[in-house]
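Notes follow the structure.
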Amino acid sequence: MSSVASAPVRVRFCPSPTGNPHVGLVRTALFNWAFAKHHQGTLVFRIEDTDAARDSEESYDQLLASLRWLGFDWDEGPEVGGPHAPYRQSQRMDIYKDVAQKLQDAGRAYHCYCSTAELDARRDAARAAGKPSGYDGHCRDLSAEQVEAYKAEGRTPIVRFRMPDETITFTDLVRGELTFTAENVPDYGIVRANGAPLYTLVNPVDDALMEITHVLRGEDLLSSTPRQIALYKALIDLGVAKEIPSFGHLPYVMGEGNKKLSKRDPESSLNLYRERGFLPEGLLNYLSLLGWSLSGDRDVFSMDEMVAAFEISDVNPNPARFDLKKCEAINADHIRLLDVKDFTERCAPWLQAPFAPWAPEDFDEAKWQAVAPHAQTRLKVLSEITDNVDFLFLAEPVEDEASWTKAMKEGSDALLRTAREKLESADWTSAEALKEAVLAAGETHGLKLGKAQAPVRVAVTGRTIGLPLFESLEILGKEKTLARIDAALAKLAA
Ligand code: GLU
Ligand code: ZN
């Protein structure tokens with residue numbers, strides 16, 4: 001165990017239920033989960049749903065379903081409860097109201113009456129003069145008369161937190177010591193004019209009340225950390241918080257063209273990975289590499305191995321690149337690691353409607369069991385199973401014009417006729433014997449095995465690529481194989 005955590009560790013994962021779950025969110029959940037498990041700590045799952053305009057119940061349900069699919073568990077939060085319930089911020093509004101009032105009573109926050117137009121005008125002027133362009137403290141110390149005058153104008157104030165005029169330094173668990181000077185961290189809003197508390201307030205308040213010891217989150221939130229540290233200090237003075245947590249900011253994830261991967265990019269969508277048939281363990285393995293690695297540079301490992309080895313100090317602060325090819329390669333390795341029975345069961349969704357093009361009654365369990373081991377070593381994602389085995393269950397092979405044109409050359413008809421002849425008299429209990437038959441047919445026409453088997457493959461499966469051909473023929477059976485070669489010969493003759 002590392003020295004990071006001597007007191008019991010309490011970390012939190014606190015997404016907002018907006019839109020579809022995305023890979024950035026999963027990476028954050030994963031690192032918090034691994035950190036908690038590594039330190040035998042507590043993972044708190046909190047829902048940050050105070051933004052009624054953007055949050056949705058549908059998104060909340062999806063979030064939970066996705067986290068469960070990935071295999072995450074949490075010690076406190078929705079569905080499991082805990083000593084700090086409720087864990088949905090929308091049900092904790094009274095708490096935030098109370099804290100906001102306490103901060104104002106203690107002079108740590110104040111009403112700001114500035115309109116957006118006024119703020120914009122002053123910011124532009126400050127910028128033009130080359131001065132810091134954040135909030136200028138205009139309403140920090142309004143007189144009673146000024147307040148009355150603003151009220152008489154019908155203005156409704158926001159609540160602003162009063163930043164101390166001091167430099168804030170903290171040691172980031174990933175990035176080391178970071179310093180923010182006062183002019184770069186102006187007073188900031190914590191409650192909207194309509195009374196709705198903002199993320200800037202509710203997030204540190206709940207971290208304090210839920211006794212979070214380590215805040216691990218994306219680098220995009222780094223700029224809120226000095227604000228939250230100052231707010232924490234005020235909460236400690238008020239007796240609401242005990243101790244400022246440690247912070248660690250996880251690196252950005254870069255997508256195509258070295259741009260930050262956005263949650264709106266299609267390759268961010270967790271649902272997409274699920275539909276394409278990524279295994280949860282394959283996807284998590286890959287996502288763990290976005291900023292971290294297992295010693296010895298082993299790319300493929302289990303979540304247990306990650307948990308055992310995970311140190312937050314090993315996280316690399318540099319941006320990580322999301323590489324779909326590598327993600328698929330790692331997933332392929334995890335598919336190979338499954339035992340065959342598990343593999344066949346996990347393929348089930350893609351052997352049915354809407355993915356499978358064959359009628360349910362044409363599915364043949366024995367053929368599936370026979371072909372599965374050959375498929376298991378070749379899939380990158382489980383959804384590829386459908387195209388790989390459809391030749392077994394469709395009455396006729398799929399028509400793929402590109403494959404046909406590529407495989408059917410001058411002389412292919414002669415080759416197919418010879419192959420048919422040799423296959424007719426071959427031993428159909430041995431894939432090796434079927435291979436010998438096609439090999440012999442090729443020799444007759446001066447063709448190597450690769451060239452000789454291409455037209456046979458397209459005649460029988462419809463495609464130029466697929467599972468090992470001779471095992472496929474054996475499983476499909478003599479009668480169907482020969483009938484398909486006949487059909488191809490008829491098509492070539494036409
Ligand atoms: N609800 C915030 C988000 O999803 C949480 C940020 C944090 O971890 O502090 O961005
Ligand atoms: Zn103001």
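Every chain in the structure tokens has a letter given in the order shown (A, B, ...), and although residue numbers restart at 1 in each chain, ligands are simply numbered from 1 in the order shown.
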So that each row is one residue of chain A with an atom at most 6 Å from ligand 2, can you give its shortest atom pair and the distance in Å to one decimal, using only C-alpha atoms and all ligand atoms, rows by chain and rising number, as JSON lines?
{"residue": "A:Cys112", "atom": "CA", "partner": "ligand 2", "partner_atom_place_in_ligand_line": "1 (Zn)", "distance": 3.8}
{"residue": "A:Tyr113", "atom": "CA", "partner": "ligand 2", "partner_atom_place_in_ligand_line": "1 (Zn)", "distance": 4.8}
{"residue": "A:Cys114", "atom": "CA", "partner": "ligand 2", "partner_atom_place_in_ligand_line": "1 (Zn)", "distance": 4.0}
{"residue": "A:His138", "atom": "CA", "partner": "ligand 2", "partner_atom_place_in_ligand_line": "1 (Zn)", "distance": 4.9}
{"residue": "A:Cys139", "atom": "CA", "partner": "ligand 2", "partner_atom_place_in_ligand_line": "1 (Zn)", "distance": 4.2}
Restricting the output to N, CA and C atoms, write the selected residues as an mmCIF file, in the first residue's frame.
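Resulting contents of part-v4.cif:
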data_model
loop_
_atom_site.group_PDB
_atom_site.id
_atom_site.type_symbol
_atom_site.label_atom_id
_atom_site.label_comp_id
_atom_site.auth_asym_id
_atom_site.auth_seq_id
_atom_site.Cartn_x
_atom_site.Cartn_y
_atom_site.Cartn_z
ATOM 1 N N CYS A 112 -24.440 39.646 -5.227
ATOM 2 C CA CYS A 112 -23.911 40.432 -6.345
ATOM 3 C C CYS A 112 -25.083 40.796 -7.247
ATOM 4 N N TYR A 113 -25.244 42.112 -7.490
ATOM 5 C CA TYR A 113 -26.397 42.623 -8.242
ATOM 6 C C TYR A 113 -26.049 42.969 -9.679
ATOM 7 N N CYS A 114 -24.795 42.752 -10.062
ATOM 8 C CA CYS A 114 -24.384 43.155 -11.411
ATOM 9 C C CYS A 114 -25.185 42.392 -12.476
ATOM 10 N N HIS A 138 -16.899 44.246 -7.599
ATOM 11 C CA HIS A 138 -17.793 45.402 -7.529
ATOM 12 C C HIS A 138 -18.764 45.361 -6.343
ATOM 13 N N CYS A 139 -19.358 44.230 -6.068
ATOM 14 C CA CYS A 139 -20.401 44.164 -5.026
ATOM 15 C C CYS A 139 -19.890 43.620 -3.678
#
Shell of 12 Å around A:Trp368, only C-alpha atoms, local chain residues under 5 positions omitted, as an NGL selection string: :A and (340-341 or 343-345 or 347-348 or 351 or 362-363 or 373-376 or 385-386 or 388-393 or 472 or 475-476)
Neighbourhood of ligand 1 at 10 Å, counting only C-alpha atoms and all ligand atoms, reported as number ranges by chain: A: 12-18, 24-25, 28-29, 46-51, 199-200, 202-204, 207, 215-222, 224-225, 228, 247, 249
Please build the interface table for stretch 351-440 of chain A against stretch 258-273 of chain A with a cut-off of 12 Å, listing for each qualifying residue the nearest atom pair and the distance in Å to one decimal; count only C-alpha atoms, order rows by chain and increasing number, and write it as a Markdown table.
| residue | atom | partner | partner_atom | distance |
| --- | --- | --- | --- | --- |
| A:Lys380 | CA | A:Tyr273 | CA | 11.7 |
| A:Val381 | CA | A:Tyr273 | CA | 8.9 |
| A:Leu382 | CA | A:Tyr273 | CA | 10.3 |
| A:Ser383 | CA | A:Tyr273 | CA | 10.1 |
Can you write out the residues you just picked, keeping all heavy atoms, as a PDB file, in the first residue's frame?
ATOM      1  N   LYS A 380     -12.537  -9.298 -33.199  1.00  0.00           N
ATOM      2  CA  LYS A 380     -12.079  -8.146 -32.422  1.00  0.00           C
ATOM      3  C   LYS A 380     -13.191  -7.703 -31.475  1.00  0.00           C
ATOM      4  O   LYS A 380     -12.954  -7.322 -30.343  1.00  0.00           O
ATOM      5  CB  LYS A 380     -11.712  -6.986 -33.352  1.00  0.00           C
ATOM      6  CG  LYS A 380     -10.534  -7.288 -34.265  1.00  0.00           C
ATOM      7  CD  LYS A 380      -9.985  -6.016 -34.890  1.00  0.00           C
ATOM      8  CE  LYS A 380     -10.948  -5.376 -35.867  1.00  0.00           C
ATOM      9  NZ  LYS A 380     -11.097  -6.086 -37.144  1.00  0.00           N
ATOM     10  N   VAL A 381     -14.409  -7.758 -32.009  1.00  0.00           N
ATOM     11  CA  VAL A 381     -15.586  -7.413 -31.194  1.00  0.00           C
ATOM     12  C   VAL A 381     -16.662  -8.467 -31.460  1.00  0.00           C
ATOM     13  O   VAL A 381     -16.703  -9.061 -32.540  1.00  0.00           O
ATOM     14  CB  VAL A 381     -16.134  -6.006 -31.551  1.00  0.00           C
ATOM     15  CG1 VAL A 381     -15.167  -4.921 -31.088  1.00  0.00           C
ATOM     16  CG2 VAL A 381     -16.411  -5.871 -33.037  1.00  0.00           C
ATOM     17  N   LEU A 382     -17.525  -8.705 -30.498  1.00  0.00           N
ATOM     18  CA  LEU A 382     -18.481  -9.815 -30.616  1.00  0.00           C
ATOM     19  C   LEU A 382     -19.463  -9.634 -31.773  1.00  0.00           C
ATOM     20  O   LEU A 382     -19.925 -10.608 -32.352  1.00  0.00           O
ATOM     21  CB  LEU A 382     -19.255  -9.978 -29.303  1.00  0.00           C
ATOM     22  CG  LEU A 382     -18.429 -10.411 -28.085  1.00  0.00           C
ATOM     23  CD1 LEU A 382     -19.311 -10.449 -26.837  1.00  0.00           C
ATOM     24  CD2 LEU A 382     -17.762 -11.769 -28.310  1.00  0.00           C
ATOM     25  N   SER A 383     -19.772  -8.389 -32.140  1.00  0.00           N
ATOM     26  CA  SER A 383     -20.763  -8.188 -33.207  1.00  0.00           C
ATOM     27  C   SER A 383     -20.283  -8.768 -34.541  1.00  0.00           C
ATOM     28  O   SER A 383     -21.097  -9.030 -35.428  1.00  0.00           O
ATOM     29  CB  SER A 383     -21.086  -6.700 -33.372  1.00  0.00           C
ATOM     30  OG  SER A 383     -19.915  -5.996 -33.745  1.00  0.00           O
TER      31      SER A 383
END
Stretch 442-444 of chain A surroundings by only C-alpha atoms, 10 Å radius, close-in-sequence under 2 positions cut, as a ChimeraX atom specification: /A:414-416,418-419,436-440,446-453
Could you turn the residues from that selection into a file that holds N, CA, C and O atoms, as a short mmCIF file (atom, residue, chain, number, x, y, z; two decimals), in the first residue's frame?
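Final output, selection_8.cif:
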data_model
loop_
_atom_site.label_atom_id
_atom_site.label_comp_id
_atom_site.auth_asym_id
_atom_site.auth_seq_id
_atom_site.Cartn_x
_atom_site.Cartn_y
_atom_site.Cartn_z
N ALA A 414 -13.61 -23.49 -64.23
CA ALA A 414 -12.89 -24.77 -64.38
C ALA A 414 -12.37 -25.26 -63.04
O ALA A 414 -12.51 -26.43 -62.68
N LEU A 415 -11.80 -24.31 -62.27
CA LEU A 415 -11.29 -24.65 -60.94
C LEU A 415 -12.41 -25.18 -60.06
O LEU A 415 -12.27 -26.22 -59.39
N LEU A 416 -13.54 -24.48 -60.07
CA LEU A 416 -14.67 -24.88 -59.21
C LEU A 416 -15.18 -26.27 -59.60
O LEU A 416 -15.54 -27.08 -58.73
N THR A 418 -13.44 -28.75 -60.91
CA THR A 418 -12.49 -29.75 -60.40
C THR A 418 -12.61 -29.88 -58.89
O THR A 418 -12.60 -31.00 -58.34
N ALA A 419 -12.71 -28.73 -58.21
CA ALA A 419 -12.81 -28.76 -56.75
C ALA A 419 -14.05 -29.54 -56.33
O ALA A 419 -14.03 -30.36 -55.41
N GLU A 436 -6.94 -31.06 -48.70
CA GLU A 436 -6.21 -31.83 -49.72
C GLU A 436 -6.95 -31.80 -51.05
O GLU A 436 -6.35 -31.67 -52.11
N ALA A 437 -8.29 -31.90 -50.96
CA ALA A 437 -9.10 -31.94 -52.19
C ALA A 437 -8.95 -30.63 -52.96
O ALA A 437 -8.75 -30.62 -54.19
N VAL A 438 -9.05 -29.49 -52.23
CA VAL A 438 -8.96 -28.19 -52.92
C VAL A 438 -7.53 -27.94 -53.40
O VAL A 438 -7.32 -27.39 -54.48
N LEU A 439 -6.58 -28.40 -52.58
CA LEU A 439 -5.17 -28.27 -52.97
C LEU A 439 -4.93 -29.02 -54.29
O LEU A 439 -4.31 -28.47 -55.23
N ALA A 440 -5.45 -30.22 -54.36
CA ALA A 440 -5.28 -31.04 -55.58
C ALA A 440 -5.96 -30.38 -56.77
O ALA A 440 -5.41 -30.35 -57.89
N GLY A 446 -2.72 -25.32 -61.97
CA GLY A 446 -1.52 -24.50 -61.75
C GLY A 446 -1.73 -23.39 -60.74
O GLY A 446 -1.14 -22.31 -60.86
N LEU A 447 -2.60 -23.62 -59.75
CA LEU A 447 -2.88 -22.58 -58.74
C LEU A 447 -2.43 -23.02 -57.36
O LEU A 447 -2.61 -24.17 -56.98
N LYS A 448 -1.84 -22.05 -56.62
CA LYS A 448 -1.49 -22.34 -55.22
C LYS A 448 -2.78 -22.38 -54.40
O LYS A 448 -3.83 -21.90 -54.82
N LEU A 449 -2.64 -22.89 -53.17
CA LEU A 449 -3.85 -23.08 -52.34
C LEU A 449 -4.64 -21.78 -52.15
O LEU A 449 -5.86 -21.77 -52.29
N GLY A 450 -3.94 -20.68 -51.85
CA GLY A 450 -4.62 -19.41 -51.62
C GLY A 450 -5.52 -19.02 -52.78
O GLY A 450 -6.68 -18.65 -52.60
N LYS A 451 -4.99 -19.11 -53.99
CA LYS A 451 -5.74 -18.75 -55.20
C LYS A 451 -6.86 -19.75 -55.47
O LYS A 451 -7.93 -19.38 -55.95
N ALA A 452 -6.59 -21.02 -55.17
CA ALA A 452 -7.59 -22.05 -55.44
C ALA A 452 -8.76 -21.97 -54.47
O ALA A 452 -9.90 -22.25 -54.82
N GLN A 453 -8.46 -21.56 -53.23
CA GLN A 453 -9.56 -21.62 -52.26
C GLN A 453 -10.47 -20.38 -52.32
O GLN A 453 -11.60 -20.43 -51.86
#
Can you pull out every residue within 7 Å of stretch 166-181 of chain A, counting only C-alpha atoms, but drop anything in the same chain fewer than 6 positions away, and send it as a compact mmCIF listing (two decimals) with N, CA and C atoms, in the first residue's frame?
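Output saved as result_13.txt:
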# COMPACT_ATOMS: atom_id res chain seq x y z
N PRO A 226 -8.66 25.58 -7.08
CA PRO A 226 -8.34 26.65 -6.11
C PRO A 226 -9.60 27.27 -5.51
N PHE A 247 -6.24 16.37 -4.11
CA PHE A 247 -6.79 16.42 -5.47
C PHE A 247 -5.82 15.78 -6.45
N GLY A 248 -6.37 15.06 -7.41
CA GLY A 248 -5.55 14.51 -8.49
C GLY A 248 -6.32 14.67 -9.79
N HIS A 249 -5.69 15.29 -10.79
CA HIS A 249 -6.38 15.56 -12.05
C HIS A 249 -5.88 14.65 -13.15
N ILE A 312 -1.97 6.18 -7.71
CA ILE A 312 -2.33 7.43 -8.39
C ILE A 312 -1.08 8.20 -8.80
N SER A 313 0.00 8.02 -8.04
CA SER A 313 1.24 8.74 -8.37
C SER A 313 1.85 8.23 -9.68
N VAL A 315 0.09 7.84 -12.37
CA VAL A 315 -0.69 8.38 -13.49
C VAL A 315 0.14 9.46 -14.19
N ASN A 316 0.14 9.37 -15.52
CA ASN A 316 0.94 10.29 -16.34
C ASN A 316 0.12 11.55 -16.63
N PRO A 317 0.66 12.74 -16.30
CA PRO A 317 -0.12 13.96 -16.51
C PRO A 317 -0.31 14.35 -17.98
Could you give me, as an mmCIF file with C-alpha atoms, in the first residue's frame, the residues within 10 Å of A:Gln40, counting only C-alpha atoms and dropping anything in the same chain fewer than 6 positions from it?
data_model
loop_
_atom_site.group_PDB
_atom_site.id
_atom_site.type_symbol
_atom_site.label_atom_id
_atom_site.label_comp_id
_atom_site.auth_asym_id
_atom_site.auth_seq_id
_atom_site.Cartn_x
_atom_site.Cartn_y
_atom_site.Cartn_z
ATOM 1 C CA MET A 1 0.000 0.000 0.000
ATOM 2 C CA PRO A 8 -9.351 5.427 5.479
ATOM 3 C CA VAL A 9 -9.780 6.400 1.846
ATOM 4 C CA ARG A 10 -13.089 7.838 0.666
ATOM 5 C CA ALA A 34 -9.419 1.122 -8.659
#
Residue among A:Ala454, A:Ala493, A:Leu434, A:Leu64 lying closest to A:Phe470, counting only C-alpha atoms: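 Between A:Ala454, A:Ala493, A:Leu434, A:Leu64, the residue approaching A:Phe470 most closely is A:Leu434.
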In stretch 69-121 of chain A, DSSP strand (DSSP E or B) residues written as a PyMOL selection string: chain A and resi 76-77+81+88+109-112
Those same residues - N, CA, C and O atoms - I'd like them written as a JSON list (two decimals), in the first residue's frame.
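again00.json, freshly written:
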[["chain", "number", "residue", "atom", "x", "y", "z"],
["A", 76, "GLU", "N", -21.37, 3.36, -1.36],
["A", 76, "GLU", "CA", -22.46, 4.25, -0.98],
["A", 76, "GLU", "C", -22.99, 4.88, -2.26],
["A", 76, "GLU", "O", -22.22, 5.19, -3.16],
["A", 77, "GLY", "N", -24.31, 5.11, -2.30],
["A", 77, "GLY", "CA", -24.86, 5.77, -3.47],
["A", 77, "GLY", "C", -26.22, 5.22, -3.83],
["A", 77, "GLY", "O", -26.81, 4.46, -3.07],
["A", 81, "GLY", "N", -27.61, 2.94, -0.97],
["A", 81, "GLY", "CA", -27.78, 3.79, 0.21],
["A", 81, "GLY", "C", -26.47, 4.09, 0.91],
["A", 81, "GLY", "O", -25.40, 4.00, 0.31],
["A", 88, "ARG", "N", -28.46, 11.80, -4.35],
["A", 88, "ARG", "CA", -28.81, 12.60, -5.54],
["A", 88, "ARG", "C", -28.91, 14.03, -5.07],
["A", 88, "ARG", "O", -29.71, 14.36, -4.19],
["A", 109, "ALA", "N", -19.48, 35.05, 1.72],
["A", 109, "ALA", "CA", -20.15, 35.15, 0.42],
["A", 109, "ALA", "C", -21.06, 36.36, 0.48],
["A", 109, "ALA", "O", -21.40, 36.82, 1.58],
["A", 110, "TYR", "N", -21.44, 36.87, -0.67],
["A", 110, "TYR", "CA", -22.23, 38.10, -0.67],
["A", 110, "TYR", "C", -23.14, 38.14, -1.89],
["A", 110, "TYR", "O", -22.94, 37.41, -2.87],
["A", 111, "HIS", "N", -24.13, 39.03, -1.83],
["A", 111, "HIS", "CA", -25.03, 39.22, -2.96],
["A", 111, "HIS", "C", -24.36, 40.09, -4.01],
["A", 111, "HIS", "O", -23.78, 41.12, -3.67],
["A", 112, "CYS", "N", -24.44, 39.65, -5.23],
["A", 112, "CYS", "CA", -23.91, 40.43, -6.34],
["A", 112, "CYS", "C", -25.08, 40.80, -7.25],
["A", 112, "CYS", "O", -25.81, 39.92, -7.72]]
Tell me, as a compact mmCIF listing (two decimals) with all heavy atoms, in the first residue's frame, which residues lie within 8 Å of A:Leu482, counting only C-alpha atoms; anything in the same chain fewer than 4 positions away does not count.
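See around.txt below for the written result:
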# COMPACT_ATOMS: atom_id res chain seq x y z
N ARG A 420 -15.13 -29.31 -57.05
CA ARG A 420 -16.38 -30.00 -56.72
C ARG A 420 -16.20 -31.53 -56.82
O ARG A 420 -16.63 -32.28 -55.95
CB ARG A 420 -17.48 -29.55 -57.68
CG ARG A 420 -18.85 -30.00 -57.23
CD ARG A 420 -19.85 -30.01 -58.35
NE ARG A 420 -21.19 -30.33 -57.86
CZ ARG A 420 -21.60 -31.52 -57.47
NH1 ARG A 420 -20.74 -32.55 -57.52
NH2 ARG A 420 -22.82 -31.72 -57.02
N LEU A 423 -14.01 -32.75 -54.01
CA LEU A 423 -14.72 -32.68 -52.72
C LEU A 423 -15.79 -33.76 -52.63
O LEU A 423 -16.03 -34.33 -51.58
CB LEU A 423 -15.37 -31.30 -52.54
CG LEU A 423 -14.41 -30.16 -52.17
CD1 LEU A 423 -15.12 -28.80 -52.30
CD2 LEU A 423 -13.85 -30.33 -50.76
N GLU A 424 -16.39 -34.05 -53.76
CA GLU A 424 -17.45 -35.06 -53.80
C GLU A 424 -16.95 -36.40 -53.26
O GLU A 424 -17.66 -37.08 -52.53
CB GLU A 424 -17.91 -35.21 -55.27
CG GLU A 424 -18.82 -36.39 -55.53
CD GLU A 424 -20.18 -35.92 -56.02
OE1 GLU A 424 -20.23 -35.29 -57.09
OE2 GLU A 424 -21.17 -36.18 -55.32
N LYS A 478 -21.44 -31.63 -46.57
CA LYS A 478 -21.15 -31.95 -47.97
C LYS A 478 -22.26 -31.46 -48.90
O LYS A 478 -22.01 -30.78 -49.90
CB LYS A 478 -20.99 -33.47 -48.11
CG LYS A 478 -20.70 -33.94 -49.50
CD LYS A 478 -20.47 -35.45 -49.51
CE LYS A 478 -20.12 -35.95 -50.89
NZ LYS A 478 -19.86 -37.40 -50.88
N ASP A 486 -22.41 -25.59 -57.11
CA ASP A 486 -23.23 -25.71 -58.32
C ASP A 486 -23.91 -24.38 -58.65
O ASP A 486 -23.95 -23.95 -59.80
CB ASP A 486 -24.31 -26.79 -58.13
CG ASP A 486 -23.69 -28.20 -58.15
OD1 ASP A 486 -22.55 -28.34 -58.66
OD2 ASP A 486 -24.34 -29.13 -57.63
Polymer residues at most 8 Å from A:Val307, only C-alpha atoms, same-chain spacing of 6 or more positions, as a PyMOL selection string: chain A and resi 34-35+37-38
Proximity of stretch 133-175 of chain A to stretch 89-106 of chain A: per-residue shortest pair, 10 Å limit, only C-alpha atoms, as JSON lines:
{"residue": "A:Val159", "atom": "CA", "partner": "A:Ala100", "partner_atom": "CA", "distance": 7.9}
{"residue": "A:Arg160", "atom": "CA", "partner": "A:Gln104", "partner_atom": "CA", "distance": 9.0}
{"residue": "A:Phe161", "atom": "CA", "partner": "A:Leu103", "partner_atom": "CA", "distance": 8.1}
{"residue": "A:Arg162", "atom": "CA", "partner": "A:Leu103", "partner_atom": "CA", "distance": 9.4}
A:Glu396, A:Asp413, A:Asp165, A:Glu361 ranked by distance to A:Ala483, top pick (using only C-alpha atoms):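 With only C-alpha atoms as the atom set, the closest residue is A:Glu396.
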Using only C-alpha atoms: which of A:Ser246, A:Gly134, A:Phe45, A:Glu432 has the shortest distance to A:His84: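 Comparing A:Ser246, A:Gly134, A:Phe45, A:Glu432 against A:His84, the winner is A:Phe45.
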Test item, alpha helix (DSSP H) assignment across stretch 130-327 of chain A, answer as a VMD selection string: chain A and resid 144 to 152 199 to 209 224 to 237 270 to 276 280 to 288 303 to 309 324 to 327
